[in-house]
Structure formats: structure tokens, C-alpha cells
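Structure, as C-alpha cells:
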Amino acid sequence: MIALAVFRLAAYVRSHRVHQALLLTLAMLAIVYGSRAPRGTEAAVLADGAVLIIPILAWATRSLLDTEPDQQREMSAITVGGRGKEVAAGLLASLAACGVLAALGLGWAVLLVLSERPGGDVLGAALVLHGLAVLAGIALATFTSRAVLRSPAVSIMSLLLGFLVMLLLSASPAYWLTVPVIVWMRAATAGDLLDQLPQLTAISLAWCLAGLALYAWRRHRVG
């Protein structure tokens, strides 16, 4: 399974699809972090970055999962000993790729944007949010991959629509019905992120894990 995950990462890089996600990430960072943030806004800036990188991470995951042809994916499942290991290898490869992109975004903000280095508690909260962003991006992308949605046009529209629905729901009183990304931003701006972080982490993690479990179940039954 580990070997298959490494193979998929290598194929993703060799296919140059990784450049699409990298360029999108750099463009987003250049636009969002075009000027240095004033003192006292460290938590808000880092939370905004975690939210805005989610669709890019979803795009990267979708591209990585779709790099492998359908027939080769079937052969991979046979080679590693079952559909479950093949699915897990794809998710592991996506986790590694998205982790690098999220680390790039966080490092850019901390080193080049903030007027002063954030405290350990704020930096820890930012790490948690970026980790949740990785999981949210992967969970969103899995249901728009070619193994689930055959049409590329429908896949792309579904990915964008899914992120918009996430934003709309998380901005409503029923924010607990999705990953509450807007609440992340509001709490950080209001200075309440550290107090609300356990609750927000629990809600976000529950939805991400539920989405990944549903994807794994569907792939196991359908292929």
C-alpha cells in the first residue's frame, strides 16, 4: 500500500498535474497576502489562509486520484490485495500532496506576511486549522474524482458547488451541518479561536472522517 501511494505521488509529479495545484496555491498566496498584516491580526490571517486553500487542496486531490487510468487502478487493487488498500493508498498519497501545499501556505504567511511572529498557541491553532483544511479538501475531492463522477465537467462543477455549499452552510446558524469554515474565520477575527477550537475541531473532524468513510464504503461496493 505504501509503495502504491509513493507510485501515485510520483505519477502525479511526472504528469505535471502538480504544477496546476502549485501555481494556484502561489497565485492565491500572492493575492491574499499581497501586503503585510498588521500586528494583532495573526490568528485571523492564518485562519483565512486555511479556508481559502481548501478548494486548491480539493483540486490537487482530484487531479492526483484521476492521474491513474481506470484499468491501472483496477490492476493496482489486485496487486496490493484488495480494493480497501487501493483506496487507502490514494488517500495517503493525497494526504502527502495536500500536506505539502498546506505547509507552503502556512509557511508563506508566517514568514513573509505577519508583522510579528505568532505565539505558540496561535501557531498551534493555525496548524490544527490547516490540518483540518487538508482533510476537508480531500473529503470534498474524493466524491468528484473520476471513480465516482465519470464526467469531467460535472466533476469540476460539483467540486466548486460543494465548496460553495460548505461556505453557505457554515455561515448560517446550522454551521454544524458541515465543516464550519466561516466560523473558523469569525472566531479568529473576534479573538475567540482558542476558546472555540476544541468544538470547531470536533465538528470539522467528524464531517471529514464521515465523508472519507462514505467514499471508502462506496468505492468498496462499486469499484
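Each chain in the C-alpha cells gets a letter, A, B and so on, in the order shown; residues start at 1 in every chain, and ligands are counted from 1 in the order they appear.
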
* All alpha helix (DSSP H) positions in chain A, as JSON, numbers by chain -> {"A": [2, 3, 4, 5, 6, 7, 8, 9, 10, 11, 12, 13, 14, 17, 18, 19, 20, 21, 22, 23, 24, 25, 26, 27, 28, 29, 30, 31, 32, 42, 43, 44, 45, 46, 47, 48, 49, 50, 51, 52, 54, 55, 56, 57, 58, 59, 60, 61, 62, 63, 64, 65, 66, 67, 70, 71, 72, 73, 74, 75, 76, 77, 78, 79, 80, 83, 84, 85, 86, 87, 88, 89, 90, 91, 92, 93, 94, 95, 96, 97, 98, 99, 100, 101, 102, 103, 104, 105, 106, 107, 108, 120, 121, 122, 123, 124, 125, 126, 127, 128, 129, 130, 131, 132, 133, 134, 135, 136, 137, 138, 139, 140, 141, 142, 152, 153, 154, 155, 156, 157, 158, 159, 160, 161, 162, 163, 164, 165, 166, 167, 168, 169, 170, 181, 182, 183, 184, 185, 186, 187, 188, 189, 190, 193, 194, 195, 196, 197, 198, 199, 200, 201, 202, 203, 204, 205, 206, 207, 208, 209, 210, 211, 212, 213, 214, 215, 216, 217, 218, 219, 220, 221, 222]}

* To do: Excluding Leu57 in chain A and residues on its chain fewer than 3 positions from it, collect all residues at most 10 Å away from it, counting only C-alpha atoms, and give them as a PyMOL selection string.
  => chain A and resi 21-22+24-25+52-54+60-63+94-95+97-102+133-141

Atoms kept (C-alpha atoms) for selection, written as a compact mmCIF listing (two decimals), in the first residue's frame:
```txt
# COMPACT_ATOMS: atom_id res chain seq x y z
CA ALA A 21 -2.12 23.00 -7.92
CA LEU A 22 1.22 24.66 -7.15
CA LEU A 24 -2.99 28.01 -7.99
CA THR A 25 -1.52 27.98 -4.49
CA LEU A 52 -9.06 29.76 1.13
CA ILE A 53 -6.67 26.92 0.39
CA ILE A 54 -9.36 24.23 0.73
CA ALA A 60 -4.99 18.76 -6.15
CA THR A 61 -6.58 15.64 -4.67
CA ARG A 62 -8.94 15.24 -7.60
CA SER A 63 -6.06 15.58 -10.05
CA SER A 94 -3.45 12.80 -1.41
CA LEU A 95 -2.67 13.49 2.24
CA ALA A 97 0.50 16.11 -1.54
CA CYS A 98 -2.03 18.34 0.20
CA GLY A 99 0.11 18.46 3.33
CA VAL A 100 2.97 19.98 1.33
CA LEU A 101 0.69 22.60 -0.25
CA ALA A 102 -0.87 23.50 3.11
CA ALA A 133 -8.31 22.10 5.71
CA VAL A 134 -6.29 19.23 4.25
CA LEU A 135 -8.86 16.68 5.40
CA ALA A 136 -11.75 18.84 4.18
CA GLY A 137 -10.15 19.30 0.77
CA ILE A 138 -9.51 15.58 0.40
CA ALA A 139 -13.02 14.64 1.54
CA LEU A 140 -14.57 17.13 -0.88
CA ALA A 141 -12.42 15.93 -3.78
```

* So which residues touch Ser204 in chain A within 12 Å, counting only C-alpha atoms, skipping near sequence neighbours fewer than 2 positions away, as JSON, numbers by chain? -> {"A": [128, 129, 130, 131, 132, 133, 134, 135, 136, 137, 139, 166, 170, 175, 176, 177, 178, 179, 180, 181, 182, 183, 184, 197, 198, 199, 200, 201, 202, 206, 207, 208, 209, 210, 211]}

* Between A:Pro55, A:Gly49, A:Pro69, A:Gly191, which one has atoms that come closest to Val110 in chain A, using only C-alpha atoms? ->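 Smallest distance to Val110 in chain A is found for A:Gly49.
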
Find the residues of range 55-95 of chain A that sit at most 9 Å from range 2-5 of chain A; for each, write down the nearest two atoms and how far apart they are in Å, to one decimal. Count only C-alpha atoms. Sort by chain, then by number going up, and give it as a tab-separated table.
```
residue	atom	partner	partner_atom	distance
A:Ser76	CA	A:Leu4	CA	7.6
A:Val80	CA	A:Leu4	CA	7.7
A:Glu86	CA	A:Leu4	CA	7.6
A:Ala88	CA	A:Ala5	CA	8.3
A:Ala89	CA	A:Ala5	CA	4.6
A:Gly90	CA	A:Ala5	CA	6.0
A:Leu91	CA	A:Ala5	CA	8.1
A:Leu92	CA	A:Ala5	CA	6.2
A:Ala93	CA	A:Ala5	CA	4.9
A:Ser94	CA	A:Ala5	CA	8.5
```

* Between CA of Gly82 in chain A and CA of Ser145 in chain A - distance in Å to one decimal ->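 Taking CA of Ser145 in chain A as the start and CA of Gly82 in chain A as the end point, the length is 19.4 Å.
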
* Asked: Hey, which of A:Leu212, A:Met1, A:Val32, A:Ala43 ends up closest to Ala187 in chain A? Count only C-alpha atoms.
  ->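 Among A:Leu212, A:Met1, A:Val32, A:Ala43, it is A:Ala43 that comes nearest to Ala187 in chain A.
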
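Take the candidates A:Thr189, A:Ser115, A:Ser155, A:Thr144 and check each one against Arg39 in chain A using only C-alpha atoms; the shortest distance goes to A:Ser115.
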
* **Residues near Glu68 in chain A, cut-off 8 Å, only C-alpha atoms, skip fewer than 4 positions along chain, as an MDAnalysis selection string** => chainID A and resid 8 11 64 72:73
